[in-house]
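Structure file coords18.cif; described as mmCIF, N, CA, C and O atoms.
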data_model
#
loop_
_atom_site.label_atom_id
_atom_site.label_comp_id
_atom_site.auth_asym_id
_atom_site.auth_seq_id
_atom_site.Cartn_x
_atom_site.Cartn_y
_atom_site.Cartn_z
N PRO F 1 91.10 90.80 75.62
CA PRO F 1 91.05 90.84 74.17
C PRO F 1 92.33 91.43 73.61
O PRO F 1 92.86 92.39 74.13
N ALA F 2 92.77 90.87 72.52
CA ALA F 2 94.00 91.31 71.89
C ALA F 2 93.76 92.59 71.10
O ALA F 2 92.72 92.76 70.46
N GLU F 3 94.71 93.48 71.17
CA GLU F 3 94.67 94.72 70.39
C GLU F 3 95.01 94.41 68.94
O GLU F 3 95.95 93.68 68.67
N PRO F 4 94.27 94.94 67.98
CA PRO F 4 94.60 94.67 66.57
C PRO F 4 95.98 95.21 66.22
O PRO F 4 96.41 96.24 66.73
N LEU F 5 96.67 94.49 65.34
CA LEU F 5 98.01 94.90 64.95
C LEU F 5 97.99 96.14 64.07
O LEU F 5 98.94 96.91 64.05
N PHE F 6 96.91 96.32 63.34
CA PHE F 6 96.82 97.45 62.41
C PHE F 6 95.49 98.15 62.60
O PHE F 6 94.45 97.51 62.66
N ARG F 7 95.53 99.46 62.72
CA ARG F 7 94.31 100.26 62.80
C ARG F 7 94.24 101.15 61.58
O ARG F 7 95.25 101.70 61.15
N SER F 8 93.06 101.29 61.03
CA SER F 8 92.88 102.14 59.86
C SER F 8 93.15 103.60 60.23
O SER F 8 92.70 104.06 61.28
N PRO F 9 93.85 104.33 59.36
CA PRO F 9 94.09 105.75 59.65
C PRO F 9 92.80 106.56 59.55
O PRO F 9 91.81 106.13 58.94
N LEU F 10 92.83 107.73 60.12
CA LEU F 10 91.65 108.59 60.15
C LEU F 10 91.18 108.93 58.74
O LEU F 10 89.97 108.93 58.46
N TRP F 11 92.09 109.21 57.81
CA TRP F 11 91.70 109.58 56.45
C TRP F 11 90.89 108.47 55.79
O TRP F 11 89.99 108.75 55.00
N TYR F 12 91.22 107.22 56.10
CA TYR F 12 90.51 106.08 55.50
C TYR F 12 89.04 106.10 55.94
O TYR F 12 88.15 105.93 55.13
N ARG F 13 88.82 106.31 57.22
CA ARG F 13 87.45 106.36 57.73
C ARG F 13 86.67 107.54 57.16
O ARG F 13 85.51 107.42 56.82
N VAL F 14 87.34 108.68 57.03
CA VAL F 14 86.68 109.86 56.48
C VAL F 14 86.27 109.62 55.03
O VAL F 14 85.14 109.91 54.63
N VAL F 15 87.17 109.07 54.23
CA VAL F 15 86.86 108.78 52.82
C VAL F 15 85.74 107.75 52.72
O VAL F 15 84.81 107.89 51.93
N MET F 16 85.82 106.71 53.54
CA MET F 16 84.84 105.63 53.50
C MET F 16 83.43 106.15 53.78
O MET F 16 82.50 105.92 52.99
N PHE F 17 83.26 106.86 54.88
CA PHE F 17 81.93 107.36 55.22
C PHE F 17 81.49 108.47 54.27
O PHE F 17 80.29 108.60 53.97
N SER F 18 82.43 109.25 53.78
CA SER F 18 82.09 110.31 52.82
C SER F 18 81.55 109.74 51.52
O SER F 18 80.62 110.30 50.93
N LEU F 19 82.14 108.65 51.04
CA LEU F 19 81.65 108.04 49.81
C LEU F 19 80.23 107.51 49.96
O LEU F 19 79.41 107.67 49.06
N VAL F 20 79.95 106.90 51.10
CA VAL F 20 78.60 106.39 51.33
C VAL F 20 77.61 107.57 51.39
O VAL F 20 76.56 107.54 50.74
N ALA F 21 77.97 108.61 52.13
CA ALA F 21 77.09 109.78 52.25
C ALA F 21 76.93 110.49 50.91
O ALA F 21 75.82 110.89 50.54
N LEU F 22 78.01 110.63 50.15
CA LEU F 22 77.95 111.27 48.85
C LEU F 22 77.04 110.50 47.89
O LEU F 22 76.24 111.09 47.17
N GLY F 23 77.14 109.18 47.92
CA GLY F 23 76.28 108.36 47.07
C GLY F 23 74.81 108.54 47.39
O GLY F 23 73.97 108.68 46.50
N ILE F 24 74.50 108.56 48.67
CA ILE F 24 73.10 108.75 49.10
C ILE F 24 72.61 110.13 48.68
O ILE F 24 71.52 110.27 48.11
N LEU F 25 73.42 111.16 48.93
CA LEU F 25 73.02 112.52 48.58
C LEU F 25 72.90 112.70 47.07
O LEU F 25 72.04 113.44 46.58
N TRP F 26 73.76 112.02 46.31
CA TRP F 26 73.71 112.11 44.84
C TRP F 26 72.36 111.60 44.33
O TRP F 26 71.71 112.22 43.50
N ILE F 27 71.95 110.44 44.86
CA ILE F 27 70.68 109.85 44.43
C ILE F 27 69.50 110.70 44.88
O ILE F 27 68.54 110.92 44.13
N ILE F 28 69.55 111.19 46.10
CA ILE F 28 68.47 112.06 46.61
C ILE F 28 68.35 113.31 45.74
O ILE F 28 67.23 113.70 45.37
N ALA F 29 69.48 113.93 45.41
CA ALA F 29 69.46 115.14 44.58
C ALA F 29 68.86 114.83 43.20
O ALA F 29 68.09 115.63 42.66
N TYR F 30 69.22 113.69 42.65
CA TYR F 30 68.68 113.31 41.33
C TYR F 30 67.16 113.23 41.36
O TYR F 30 66.49 113.74 40.46
N TYR F 31 66.61 112.62 42.38
CA TYR F 31 65.16 112.46 42.44
C TYR F 31 64.45 113.74 42.86
O TYR F 31 63.37 114.06 42.34
N ILE F 32 65.02 114.50 43.78
CA ILE F 32 64.38 115.75 44.21
C ILE F 32 64.32 116.76 43.06
O ILE F 32 63.30 117.43 42.85
N PHE F 33 65.41 116.89 42.31
CA PHE F 33 65.48 117.87 41.24
C PHE F 33 65.07 117.29 39.88
O PHE F 33 65.30 117.91 38.84
N GLU F 34 64.46 116.11 39.89
CA GLU F 34 63.87 115.48 38.71
C GLU F 34 64.85 115.40 37.54
O GLU F 34 64.51 115.66 36.39
N GLY F 35 66.11 115.03 37.83
CA GLY F 35 67.09 114.82 36.78
C GLY F 35 67.86 116.05 36.34
O GLY F 35 68.79 115.94 35.55
N ARG F 36 67.49 117.24 36.84
CA ARG F 36 68.22 118.46 36.47
C ARG F 36 69.55 118.55 37.21
O ARG F 36 70.46 119.25 36.76
N LEU F 37 69.66 117.92 38.33
CA LEU F 37 70.89 117.86 39.13
C LEU F 37 71.10 116.41 39.53
O LEU F 37 70.15 115.65 39.57
N PRO F 38 72.24 115.95 39.86
CA PRO F 38 73.54 116.61 39.89
C PRO F 38 74.18 116.77 38.51
O PRO F 38 74.90 117.73 38.28
N VAL F 39 73.96 115.85 37.56
CA VAL F 39 74.50 116.00 36.21
C VAL F 39 73.34 115.87 35.22
O VAL F 39 72.84 114.77 35.00
N PRO F 40 72.91 116.98 34.64
CA PRO F 40 71.79 116.89 33.70
C PRO F 40 72.19 116.19 32.41
O PRO F 40 73.34 116.23 32.00
N GLY F 41 71.26 115.51 31.81
CA GLY F 41 71.50 114.91 30.51
C GLY F 41 71.99 113.48 30.53
O GLY F 41 72.03 112.85 29.49
N ILE F 42 72.35 112.93 31.70
CA ILE F 42 72.81 111.54 31.70
C ILE F 42 71.76 110.60 32.28
O ILE F 42 71.98 109.39 32.34
N GLY F 43 70.64 111.17 32.70
CA GLY F 43 69.50 110.36 33.13
C GLY F 43 69.81 109.43 34.29
O GLY F 43 70.39 109.83 35.29
N MET F 44 69.43 108.17 34.10
CA MET F 44 69.56 107.19 35.19
C MET F 44 71.02 106.85 35.52
O MET F 44 71.28 106.17 36.51
N TRP F 45 71.96 107.30 34.72
CA TRP F 45 73.37 107.10 35.07
C TRP F 45 73.71 107.82 36.37
O TRP F 45 74.67 107.45 37.05
N ASN F 46 72.94 108.85 36.72
CA ASN F 46 73.13 109.50 38.01
C ASN F 46 72.93 108.51 39.15
O ASN F 46 73.67 108.53 40.14
N VAL F 47 71.95 107.65 39.02
CA VAL F 47 71.70 106.63 40.05
C VAL F 47 72.87 105.66 40.09
O VAL F 47 73.33 105.25 41.17
N THR F 48 73.40 105.30 38.92
CA THR F 48 74.54 104.38 38.86
C THR F 48 75.76 104.99 39.55
O THR F 48 76.48 104.30 40.28
N ILE F 49 75.98 106.27 39.34
CA ILE F 49 77.11 106.95 40.00
C ILE F 49 76.92 106.93 41.51
O ILE F 49 77.85 106.64 42.27
N GLY F 50 75.71 107.22 41.98
CA GLY F 50 75.44 107.22 43.41
C GLY F 50 75.61 105.85 44.04
O GLY F 50 76.23 105.70 45.09
N VAL F 51 75.07 104.83 43.38
CA VAL F 51 75.21 103.47 43.89
C VAL F 51 76.67 103.03 43.84
O VAL F 51 77.17 102.37 44.77
N GLY F 52 77.38 103.43 42.80
CA GLY F 52 78.80 103.09 42.69
C GLY F 52 79.61 103.69 43.83
O GLY F 52 80.48 103.02 44.41
N ALA F 53 79.35 104.95 44.17
CA ALA F 53 80.06 105.58 45.28
C ALA F 53 79.76 104.86 46.59
O ALA F 53 80.66 104.60 47.40
N MET F 54 78.49 104.49 46.79
CA MET F 54 78.13 103.75 48.01
C MET F 54 78.81 102.39 48.05
O MET F 54 79.26 101.95 49.10
N MET F 55 78.90 101.72 46.91
CA MET F 55 79.52 100.40 46.87
C MET F 55 81.01 100.48 47.19
O MET F 55 81.54 99.63 47.92
N VAL F 56 81.69 101.50 46.67
CA VAL F 56 83.11 101.66 46.99
C VAL F 56 83.28 101.89 48.49
O VAL F 56 84.17 101.30 49.13
N GLY F 57 82.42 102.70 49.08
CA GLY F 57 82.46 102.91 50.53
C GLY F 57 82.21 101.63 51.30
O GLY F 57 82.87 101.35 52.30
N MET F 58 81.27 100.83 50.83
CA MET F 58 80.96 99.56 51.50
C MET F 58 82.12 98.55 51.38
O MET F 58 82.43 97.85 52.33
N VAL F 59 82.76 98.52 50.22
CA VAL F 59 83.93 97.64 50.06
C VAL F 59 85.04 98.09 50.99
O VAL F 59 85.73 97.27 51.61
N MET F 60 85.20 99.41 51.13
CA MET F 60 86.21 99.92 52.06
C MET F 60 85.90 99.50 53.49
O MET F 60 86.81 99.27 54.28
N MET F 61 84.62 99.38 53.82
CA MET F 61 84.23 98.98 55.17
C MET F 61 84.72 97.56 55.51
O MET F 61 84.96 97.25 56.67
N THR F 62 84.86 96.72 54.49
CA THR F 62 85.35 95.36 54.77
C THR F 62 86.81 95.36 55.18
O THR F 62 87.28 94.39 55.77
N ARG F 63 87.56 96.41 54.87
CA ARG F 63 88.97 96.52 55.22
C ARG F 63 89.22 97.40 56.45
O ARG F 63 90.35 97.59 56.85
N TRP F 64 88.13 97.97 57.00
CA TRP F 64 88.24 98.89 58.13
C TRP F 64 88.56 98.12 59.40
O TRP F 64 87.96 97.11 59.72
N ARG F 65 89.51 98.61 60.13
CA ARG F 65 89.85 97.99 61.43
C ARG F 65 89.85 99.02 62.51
O ARG F 65 90.22 100.11 62.36
#

Could you express the structure from this file as structure tokens?
Amino acid sequence: PAEPLFRSPLWYRVVMFSLVALGILWIIAYYIFEGRLPVPGIGMWNVTIGVGAMMVGMVMMTRWR
């Protein structure tokens, strides 16, 4: 098998997996604390922020080598 010409740097993998984990934890915190955390007063936008972070991490996964 041929070795890939380009390998993703370590920071890329750390950011990618961190965004996915942060998104999951953001949504979990929103539901556990009944909207008081992580950002009170924005309601369901907390879920949008969490899903958005996960989506950015998933898009990064398509470029991971």

What do you get, as JSON, numbers by chain, if you spell out every residue that the PyMOL selection byres (((chain F and resi 51 and name CA) around 9) and name CA) selects here? {"F": [20, 23, 24, 26, 27, 46, 47, 48, 49, 50, 52, 53, 54, 55, 56]}

List every residue of chain F that DSSP, applied to the backbone, labels as helix (DSSP H, G or I), and write the result as JSON, numbers by chain. {"F": [10, 11, 12, 13, 14, 15, 16, 17, 18, 19, 20, 21, 22, 23, 24, 25, 26, 27, 28, 29, 30, 31, 32, 45, 46, 47, 48, 49, 50, 51, 52, 53, 54, 55, 56, 57, 58, 59, 60, 61, 62]}

Shell around Phe6 (chain F) at 8 Å using all atoms listed in the file, local window under 5 positions removed, as number ranges by chain: F: 63-65

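Atom N of Leu25 (chain F) is positioned 24.0 Å from atom O of Ser8 (chain F).
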
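A straight line drawn from atom C of Val39 (chain F) to atom O of Met16 (chain F) is 22.3 Å long.
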
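With CA of Thr62 (chain F) on one side and CA of Ala29 (chain F) on the other, the separation reads 27.3 Å.
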
Could region 32-43 of chain F be completed with all heavy atoms and returned as a CSV table (one decimal), in the frame of the given file?
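Written output follows (result.csv):
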chain,number,residue,atom,x,y,z
F,32,ILE,N,65.0,114.5,43.8
F,32,ILE,CA,64.4,115.8,44.2
F,32,ILE,C,64.3,116.8,43.1
F,32,ILE,O,63.3,117.4,42.8
F,32,ILE,CB,65.1,116.4,45.4
F,32,ILE,CG1,64.8,115.5,46.7
F,32,ILE,CG2,64.7,117.8,45.7
F,32,ILE,CD1,65.5,116.0,47.9
F,33,PHE,N,65.4,116.9,42.3
F,33,PHE,CA,65.5,117.9,41.2
F,33,PHE,C,65.1,117.3,39.9
F,33,PHE,O,65.3,117.9,38.8
F,33,PHE,CB,66.9,118.5,41.2
F,33,PHE,CG,67.2,119.3,42.4
F,33,PHE,CD1,68.1,118.8,43.3
F,33,PHE,CD2,66.6,120.5,42.6
F,33,PHE,CE1,68.4,119.5,44.5
F,33,PHE,CE2,66.9,121.3,43.7
F,33,PHE,CZ,67.8,120.8,44.7
F,34,GLU,N,64.5,116.1,39.9
F,34,GLU,CA,63.9,115.5,38.7
F,34,GLU,C,64.8,115.4,37.5
F,34,GLU,O,64.5,115.7,36.4
F,34,GLU,CB,62.6,116.2,38.3
F,34,GLU,CG,61.5,116.2,39.4
F,34,GLU,CD,60.3,117.1,39.0
F,34,GLU,OE1,60.4,117.9,38.1
F,34,GLU,OE2,59.3,116.9,39.7
F,35,GLY,N,66.1,115.0,37.8
F,35,GLY,CA,67.1,114.8,36.8
F,35,GLY,C,67.9,116.0,36.3
F,35,GLY,O,68.8,115.9,35.6
F,36,ARG,N,67.5,117.2,36.8
F,36,ARG,CA,68.2,118.5,36.5
F,36,ARG,C,69.6,118.6,37.2
F,36,ARG,O,70.5,119.2,36.8
F,36,ARG,CB,67.4,119.7,36.8
F,36,ARG,CG,66.1,119.8,35.9
F,36,ARG,CD,65.4,121.1,36.1
F,36,ARG,NE,65.0,121.3,37.5
F,36,ARG,CZ,63.8,120.9,38.0
F,36,ARG,NH1,62.9,120.3,37.3
F,36,ARG,NH2,63.6,121.2,39.2
F,37,LEU,N,69.7,117.9,38.3
F,37,LEU,CA,70.9,117.9,39.1
F,37,LEU,C,71.1,116.4,39.5
F,37,LEU,O,70.2,115.6,39.6
F,37,LEU,CB,70.8,118.7,40.4
F,37,LEU,CG,70.8,120.2,40.2
F,37,LEU,CD1,70.6,120.9,41.6
F,37,LEU,CD2,72.0,120.7,39.6
F,38,PRO,N,72.2,116.0,39.9
F,38,PRO,CA,73.5,116.6,39.9
F,38,PRO,C,74.2,116.8,38.5
F,38,PRO,O,74.9,117.7,38.3
F,38,PRO,CB,74.4,115.7,40.8
F,38,PRO,CG,73.7,114.4,40.9
F,38,PRO,CD,72.3,114.7,40.5
F,39,VAL,N,74.0,115.8,37.6
F,39,VAL,CA,74.5,116.0,36.2
F,39,VAL,C,73.3,115.9,35.2
F,39,VAL,O,72.8,114.8,35.0
F,39,VAL,CB,75.6,114.9,35.9
F,39,VAL,CG1,76.1,115.1,34.5
F,39,VAL,CG2,76.7,115.0,36.9
F,40,PRO,N,72.9,117.0,34.6
F,40,PRO,CA,71.8,116.9,33.7
F,40,PRO,C,72.2,116.2,32.4
F,40,PRO,O,73.3,116.2,32.0
F,40,PRO,CB,71.4,118.4,33.4
F,40,PRO,CG,72.7,119.1,33.8
F,40,PRO,CD,73.4,118.3,34.8
F,41,GLY,N,71.3,115.5,31.8
F,41,GLY,CA,71.5,114.9,30.5
F,41,GLY,C,72.0,113.5,30.5
F,41,GLY,O,72.0,112.8,29.5
F,42,ILE,N,72.4,112.9,31.7
F,42,ILE,CA,72.8,111.5,31.7
F,42,ILE,C,71.8,110.6,32.3
F,42,ILE,O,72.0,109.4,32.3
F,42,ILE,CB,74.2,111.4,32.4
F,42,ILE,CG1,74.1,111.7,33.9
F,42,ILE,CG2,75.2,112.2,31.7
F,42,ILE,CD1,75.3,111.4,34.7
F,43,GLY,N,70.6,111.2,32.7
F,43,GLY,CA,69.5,110.4,33.1
F,43,GLY,C,69.8,109.4,34.3
F,43,GLY,O,70.4,109.8,35.3
